[in-house]
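Peer 1: Sharing protein-v7.tsv below, TSV, C-alpha atoms:
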chain	number	residue	atom	x	y	z
A	1	MET	CA	98.19	-11.81	-38.66
A	2	SER	CA	96.73	-15.12	-37.63
A	3	ILE	CA	97.61	-18.39	-39.30
A	4	PRO	CA	94.73	-20.06	-41.18
A	5	LYS	CA	93.73	-23.37	-39.58
A	6	THR	CA	94.41	-26.68	-41.25
A	7	ASN	CA	92.44	-29.85	-40.53
A	8	VAL	CA	95.38	-31.07	-38.40
A	9	MET	CA	95.09	-27.96	-36.22
A	10	ARG	CA	91.33	-28.45	-35.84
A	11	ILE	CA	91.83	-32.11	-34.85
A	12	LEU	CA	94.38	-31.15	-32.18
A	13	GLU	CA	92.20	-28.32	-30.84
A	14	ASN	CA	89.19	-30.67	-30.61
A	15	ALA	CA	91.36	-33.16	-28.70
A	16	GLY	CA	92.54	-30.44	-26.31
A	17	ILE	CA	96.19	-30.84	-27.35
A	18	SER	CA	98.25	-27.66	-27.23
A	19	PHE	CA	100.48	-26.83	-30.18
A	20	LEU	CA	102.18	-23.93	-31.92
A	21	ALA	CA	101.60	-23.34	-35.62
A	22	TYR	CA	104.20	-22.01	-38.05
A	23	THR	CA	104.09	-21.10	-41.70
A	24	TYR	CA	106.98	-21.24	-44.15
A	25	ASN	CA	107.58	-20.36	-47.78
A	26	PRO	CA	107.30	-23.50	-49.97
A	27	ALA	CA	109.33	-21.75	-52.69
A	28	LYS	CA	112.33	-21.93	-50.34
A	29	GLY	CA	111.94	-25.71	-49.94
A	30	ILE	CA	109.40	-28.13	-48.51
A	31	ASP	CA	111.81	-30.78	-47.24
A	32	ALA	CA	112.09	-31.02	-43.45
A	33	LYS	CA	115.60	-29.54	-43.39
A	34	SER	CA	114.47	-26.45	-45.34
A	35	VAL	CA	111.44	-26.10	-43.08
A	36	ALA	CA	113.67	-26.29	-39.99
A	37	ASN	CA	115.77	-23.47	-41.41
A	38	GLN	CA	112.76	-21.31	-42.23
A	39	ILE	CA	111.07	-21.65	-38.82
A	40	ASN	CA	114.36	-21.28	-36.89
A	41	LYS	CA	114.38	-24.76	-35.38
A	42	ILE	CA	117.25	-27.22	-35.26
A	43	GLU	CA	117.02	-30.21	-37.60
A	44	THR	CA	116.60	-32.65	-34.72
A	45	GLN	CA	113.34	-30.89	-33.76
A	46	VAL	CA	111.68	-30.98	-37.19
A	47	PHE	CA	110.36	-34.38	-38.20
A	48	LYS	CA	109.29	-35.73	-41.56
A	49	THR	CA	106.45	-38.20	-42.11
A	50	LEU	CA	107.30	-41.12	-44.37
A	51	VAL	CA	104.80	-43.67	-45.67
A	52	THR	CA	105.89	-47.19	-46.57
A	53	GLN	CA	104.33	-50.36	-47.86
A	54	SER	CA	104.95	-54.03	-47.22
A	55	PRO	CA	103.76	-56.69	-49.68
A	56	THR	CA	101.27	-59.19	-48.26
A	57	LYS	CA	100.59	-62.79	-49.28
A	58	ASN	CA	97.45	-61.87	-51.21
A	59	HIS	CA	99.32	-59.51	-53.57
A	60	SER	CA	98.24	-56.32	-51.85
A	61	PHE	CA	100.08	-54.11	-49.38
A	62	GLU	CA	100.10	-53.28	-45.71
A	63	TYR	CA	100.99	-49.64	-45.00
A	64	PHE	CA	103.08	-48.07	-42.23
A	65	VAL	CA	104.03	-44.52	-41.28
A	66	PHE	CA	107.37	-43.48	-39.80
A	67	VAL	CA	108.05	-40.09	-38.24
A	68	ILE	CA	111.78	-39.29	-38.16
A	69	ALA	CA	114.01	-36.25	-37.62
A	70	SER	CA	114.83	-34.19	-40.71
A	71	ASN	CA	118.56	-34.91	-40.45
A	72	MET	CA	118.06	-38.69	-40.37
A	73	GLU	CA	117.36	-41.36	-42.96
A	74	LEU	CA	114.82	-44.15	-42.49
A	75	ASP	CA	116.54	-47.50	-42.03
A	76	LEU	CA	114.13	-49.85	-43.81
A	77	LYS	CA	115.45	-52.91	-41.95
A	78	LYS	CA	114.93	-51.30	-38.53
A	79	ALA	CA	111.54	-49.96	-39.64
A	80	ALA	CA	110.45	-53.42	-40.87
A	81	SER	CA	111.56	-54.90	-37.56
A	82	ALA	CA	109.51	-52.32	-35.62
A	83	ALA	CA	106.49	-53.01	-37.85
A	84	GLN	CA	107.07	-56.78	-37.53
A	85	VAL	CA	107.12	-57.38	-41.29
A	86	LYS	CA	109.73	-59.00	-43.53
A	87	ASN	CA	110.44	-55.96	-45.64
A	88	LEU	CA	109.32	-52.44	-46.44
A	89	GLU	CA	109.61	-50.11	-49.37
A	90	MET	CA	108.74	-46.46	-49.72
A	91	LEU	CA	105.21	-45.80	-50.95
A	92	PRO	CA	105.20	-44.61	-54.58
A	93	MET	CA	104.48	-40.85	-54.62
A	94	LYS	CA	101.39	-41.30	-56.83
A	95	ASN	CA	99.77	-43.40	-54.08
A	96	LEU	CA	100.33	-40.87	-51.26
A	97	LEU	CA	97.25	-38.67	-51.80
A	98	PRO	CA	94.75	-41.52	-52.36
A	99	LEU	CA	96.02	-43.40	-49.30
A	100	THR	CA	96.61	-40.58	-46.79
A	101	GLY	CA	94.67	-37.59	-48.11
A	102	TYR	CA	97.94	-35.62	-48.09
A	103	ILE	CA	100.34	-34.50	-50.81
A	104	HIS	CA	104.14	-34.68	-50.71
A	105	GLY	CA	105.45	-31.97	-48.42
A	106	GLY	CA	102.17	-31.74	-46.52
A	107	CYS	CA	101.89	-35.26	-45.11
A	108	SER	CA	101.15	-35.23	-41.39
A	109	PRO	CA	100.95	-38.20	-39.02
A	110	ILE	CA	97.74	-36.59	-37.71
A	111	GLY	CA	94.43	-36.82	-39.55
A	112	MET	CA	95.25	-39.25	-42.34
A	113	LYS	CA	92.34	-40.50	-44.43
A	114	LYS	CA	92.92	-44.01	-43.10
A	115	THR	CA	94.39	-44.93	-39.73
A	116	LEU	CA	97.80	-46.43	-40.46
A	117	LYS	CA	100.13	-48.03	-37.91
A	118	THR	CA	102.61	-45.29	-37.09
A	119	PHE	CA	106.02	-45.28	-35.37
A	120	ILE	CA	108.04	-42.32	-34.12
A	121	ASP	CA	111.82	-42.45	-34.03
A	122	GLU	CA	113.17	-42.71	-30.50
A	123	THR	CA	115.21	-39.52	-31.00
A	124	ALA	CA	111.92	-37.62	-30.54
A	125	MET	CA	112.06	-38.55	-26.86
A	126	THR	CA	115.18	-36.37	-26.46
A	127	GLN	CA	113.19	-33.28	-27.53
A	128	ASP	CA	110.63	-31.51	-25.35
A	129	LYS	CA	108.66	-30.65	-28.45
A	130	ILE	CA	108.91	-31.65	-32.09
A	131	CYS	CA	107.56	-30.18	-35.30
A	132	VAL	CA	105.59	-32.18	-37.86
A	133	SER	CA	103.67	-31.16	-40.95
A	134	GLY	CA	100.53	-29.17	-40.33
A	135	GLY	CA	98.75	-31.12	-43.06
A	136	LYS	CA	99.30	-28.64	-45.89
A	137	VAL	CA	102.41	-27.46	-47.68
A	138	GLY	CA	103.54	-24.25	-45.97
A	139	PHE	CA	102.31	-25.23	-42.49
A	140	THR	CA	104.02	-27.01	-39.62
A	141	ILE	CA	103.02	-27.58	-36.02
A	142	GLU	CA	105.05	-27.97	-32.85
A	143	LEU	CA	103.82	-30.18	-30.00
A	144	SER	CA	104.99	-32.52	-27.29
A	145	SER	CA	106.43	-35.73	-28.75
A	146	ASN	CA	104.80	-37.71	-25.93
A	147	GLN	CA	101.40	-36.16	-26.59
A	148	LEU	CA	101.76	-36.86	-30.30
A	149	ALA	CA	102.73	-40.49	-29.66
A	150	SER	CA	99.83	-40.97	-27.27
A	151	PHE	CA	97.29	-39.24	-29.55
A	152	ILE	CA	98.14	-41.24	-32.69
A	153	ASN	CA	98.94	-44.42	-30.74
A	154	ALA	CA	102.51	-44.52	-32.08
A	155	PRO	CA	105.28	-46.29	-30.20
A	156	PHE	CA	108.82	-44.90	-30.15
A	157	ALA	CA	111.37	-47.14	-31.89
A	158	ASP	CA	114.90	-47.11	-33.30
A	159	LEU	CA	114.15	-46.38	-36.97
A	160	THR	CA	117.02	-44.41	-38.45
A	161	LYS	CA	120.54	-44.13	-39.69
A	162	LYS	CA	122.33	-40.80	-39.96
A	163	GLY	CA	121.16	-39.07	-43.16
Represent the structure from my file as structure tokens, please.

Peer 2:
Amino acid sequence: MSIPKTNVMRILENAGISFLAYTYNPAKGIDAKSVANQINKIETQVFKTLVTQSPTKNHSFEYFVFVIASNMELDLKKAASAAQVKNLEMLPMKNLLPLTGYIHGGCSPIGMKKTLKTFIDETAMTQDKICVSGGKVGFTIELSSNQLASFINAPFADLTKKG
């Protein structure tokens, strides 16, 4: 049985980037650790996509995306340093869909509604390939971390503390 294509998969195909697609059962968990378990990958290969906001002087926000391994926790100080802002906070869940076009558990660093400055944790460089959300709950994709970084123009940075 073939896996239905998500927009993320179409974007990668159009760009000529090779990837593997996996499905998982959302009822068994949508967090990156549960997904890793379901698709038989180690936690250091499955990455979660986190969206943050930083207050600006004109009372609005600047937004940043961080892609980190499922077994790690985002270090907001390190992330702010990488983004060159004073401080960061996690984006409120209610703002995720309007900002990115994705829902919680299906947020991918590829194909967001708006292009947001994105960073990938440096631990991704130790993996040949990493898995990120396929853009819908129940779908994940595996691709080269270097190709992902190049495609979404995301530098590697030290972003985490052990989760």

Peer 1: Which one of A:Ser81, A:Thr23, A:Asn58, A:Thr6 sits closest to Thr160 (chain A) if you count all atoms listed in the file?

Peer 2: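 Among the listed residues, A:Ser81 lies closest to Thr160 (chain A).
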
Peer 1: So which residues touch Leu148 (chain A) within 12 Å, counting all atoms listed in the file, skipping near sequence neighbours fewer than 4 positions away, as a VMD selection string?

Peer 2: chain A and resid 8 11 to 12 15 to 19 47 67 108 to 111 118 to 120 124 to 125 128 to 132 141 to 144 152 to 156

Peer 1: Keeping C-alpha atoms for every residue in the selection just given, could you write it to a file as a CSV table (one decimal), keeping the file's coordinate frame?

Peer 2:
chain,number,residue,atom,x,y,z
A,8,VAL,CA,95.4,-31.1,-38.4
A,11,ILE,CA,91.8,-32.1,-34.8
A,12,LEU,CA,94.4,-31.2,-32.2
A,15,ALA,CA,91.4,-33.2,-28.7
A,16,GLY,CA,92.5,-30.4,-26.3
A,17,ILE,CA,96.2,-30.8,-27.4
A,18,SER,CA,98.2,-27.7,-27.2
A,19,PHE,CA,100.5,-26.8,-30.2
A,47,PHE,CA,110.4,-34.4,-38.2
A,67,VAL,CA,108.0,-40.1,-38.2
A,108,SER,CA,101.2,-35.2,-41.4
A,109,PRO,CA,101.0,-38.2,-39.0
A,110,ILE,CA,97.7,-36.6,-37.7
A,111,GLY,CA,94.4,-36.8,-39.6
A,118,THR,CA,102.6,-45.3,-37.1
A,119,PHE,CA,106.0,-45.3,-35.4
A,120,ILE,CA,108.0,-42.3,-34.1
A,124,ALA,CA,111.9,-37.6,-30.5
A,125,MET,CA,112.1,-38.6,-26.9
A,128,ASP,CA,110.6,-31.5,-25.4
A,129,LYS,CA,108.7,-30.6,-28.4
A,130,ILE,CA,108.9,-31.6,-32.1
A,131,CYS,CA,107.6,-30.2,-35.3
A,132,VAL,CA,105.6,-32.2,-37.9
A,141,ILE,CA,103.0,-27.6,-36.0
A,142,GLU,CA,105.0,-28.0,-32.8
A,143,LEU,CA,103.8,-30.2,-30.0
A,144,SER,CA,105.0,-32.5,-27.3
A,152,ILE,CA,98.1,-41.2,-32.7
A,153,ASN,CA,98.9,-44.4,-30.7
A,154,ALA,CA,102.5,-44.5,-32.1
A,155,PRO,CA,105.3,-46.3,-30.2
A,156,PHE,CA,108.8,-44.9,-30.2

Peer 1: Could you jot down the CA of Ala149 (chain A) to CA of Tyr63 (chain A) separation for me, Å, one decimal place?

Peer 2: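 Between CA of Ala149 (chain A) and CA of Tyr63 (chain A) the gap works out to 17.9 Å.
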
Peer 1: Skip region 112-115 of chain A itself and residues of its chain fewer than 5 positions away, then list as a PyMOL selection string all residues within 9 Å of it, counting all atoms listed in the file.

Peer 2: chain A and resi 98-102+107+135+152

Peer 1: Would you kindly return, as a ChimeraX atom specification, each protein, DNA or RNA residue with an atom no farther than 7 Å from any atom of region 48-56 of chain A, considering all atoms listed in the file and excluding same-chain residues fewer than 3 positions away?

Peer 2: /A:32,59-70,87-91,107-109,132

Peer 1: Find the residues near region 36-39 of chain A: any atom within 10 Å, counting all atoms listed in the file, skip ones fewer than 6 places away on the same chain, and give them as an MDAnalysis selection string.

Peer 2: chainID A and resid 22:26 28:30 45:47 70:71 131 140

Peer 1: Take the residues from that selection and write them out as a CSV table (one decimal), keeping the file's coordinate frame, keeping C-alpha atoms.

Peer 2:
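Writing the result to part-v8.csv gives the following:
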chain,number,residue,atom,x,y,z
A,22,TYR,CA,104.2,-22.0,-38.0
A,23,THR,CA,104.1,-21.1,-41.7
A,24,TYR,CA,107.0,-21.2,-44.2
A,25,ASN,CA,107.6,-20.4,-47.8
A,26,PRO,CA,107.3,-23.5,-50.0
A,28,LYS,CA,112.3,-21.9,-50.3
A,29,GLY,CA,111.9,-25.7,-49.9
A,30,ILE,CA,109.4,-28.1,-48.5
A,45,GLN,CA,113.3,-30.9,-33.8
A,46,VAL,CA,111.7,-31.0,-37.2
A,47,PHE,CA,110.4,-34.4,-38.2
A,70,SER,CA,114.8,-34.2,-40.7
A,71,ASN,CA,118.6,-34.9,-40.4
A,131,CYS,CA,107.6,-30.2,-35.3
A,140,THR,CA,104.0,-27.0,-39.6

Peer 1: Can you work out the spacing between CA of Ser145 (chain A) and CA of Asp31 (chain A) in Å, to one decimal?

Peer 2: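 Interatomic distance here is 19.9 Å.
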
Peer 1: Have a look at CA of Gly138 (chain A) and CA of Lys41 (chain A) and let me know their distance in Å, one decimal.

Peer 2: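 A separation of 15.2 Å between them.
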
Peer 1: What are the centre and the three edge lengths of an axis-aligned box that wraps all atoms of region 15-27 of chain A in the file, given that 4 Å is added to every side, written as AutoDock Vina command-line options and rounded to one decimal in Å?

Peer 2:
--center_x 100.3 --center_y -26.8 --center_z -39.5 --size_x 26.0 --size_y 20.8 --size_z 34.4

Peer 1: Which residue gives the smallest distance to Gly105 (chain A) among A:Lys78, A:Lys33, A:Lys117, A:Lys57, with all atoms listed in the file counted?

Peer 2: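 Closest to Gly105 (chain A) of all the choices is A:Lys33.
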
Peer 1: Just checking: using all atoms listed in the file, which residue out of A:Ala82, A:Glu43, A:Gly106, A:Asn7 ends up closest to Phe139 (chain A)?

Peer 2: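 Counting all atoms listed in the file, the residue closest to Phe139 (chain A) is A:Gly106.
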
Peer 1: From the list A:Leu96, A:Asp75, A:Asn40, A:Asn146, which residue is nearest Gln127 (chain A) when using all atoms listed in the file?

Peer 2: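 Among the listed residues, the smallest separation from Gln127 (chain A) belongs to A:Asn146.
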
Peer 1: Using all atoms listed in the file for the distances, tell me which of A:Glu122, A:Ala157, A:Ser2, A:Asn14 is nearest to Thr44 (chain A).

Peer 2: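 Once distances to Thr44 (chain A) are computed over all atoms listed in the file, the minimum belongs to A:Glu122.
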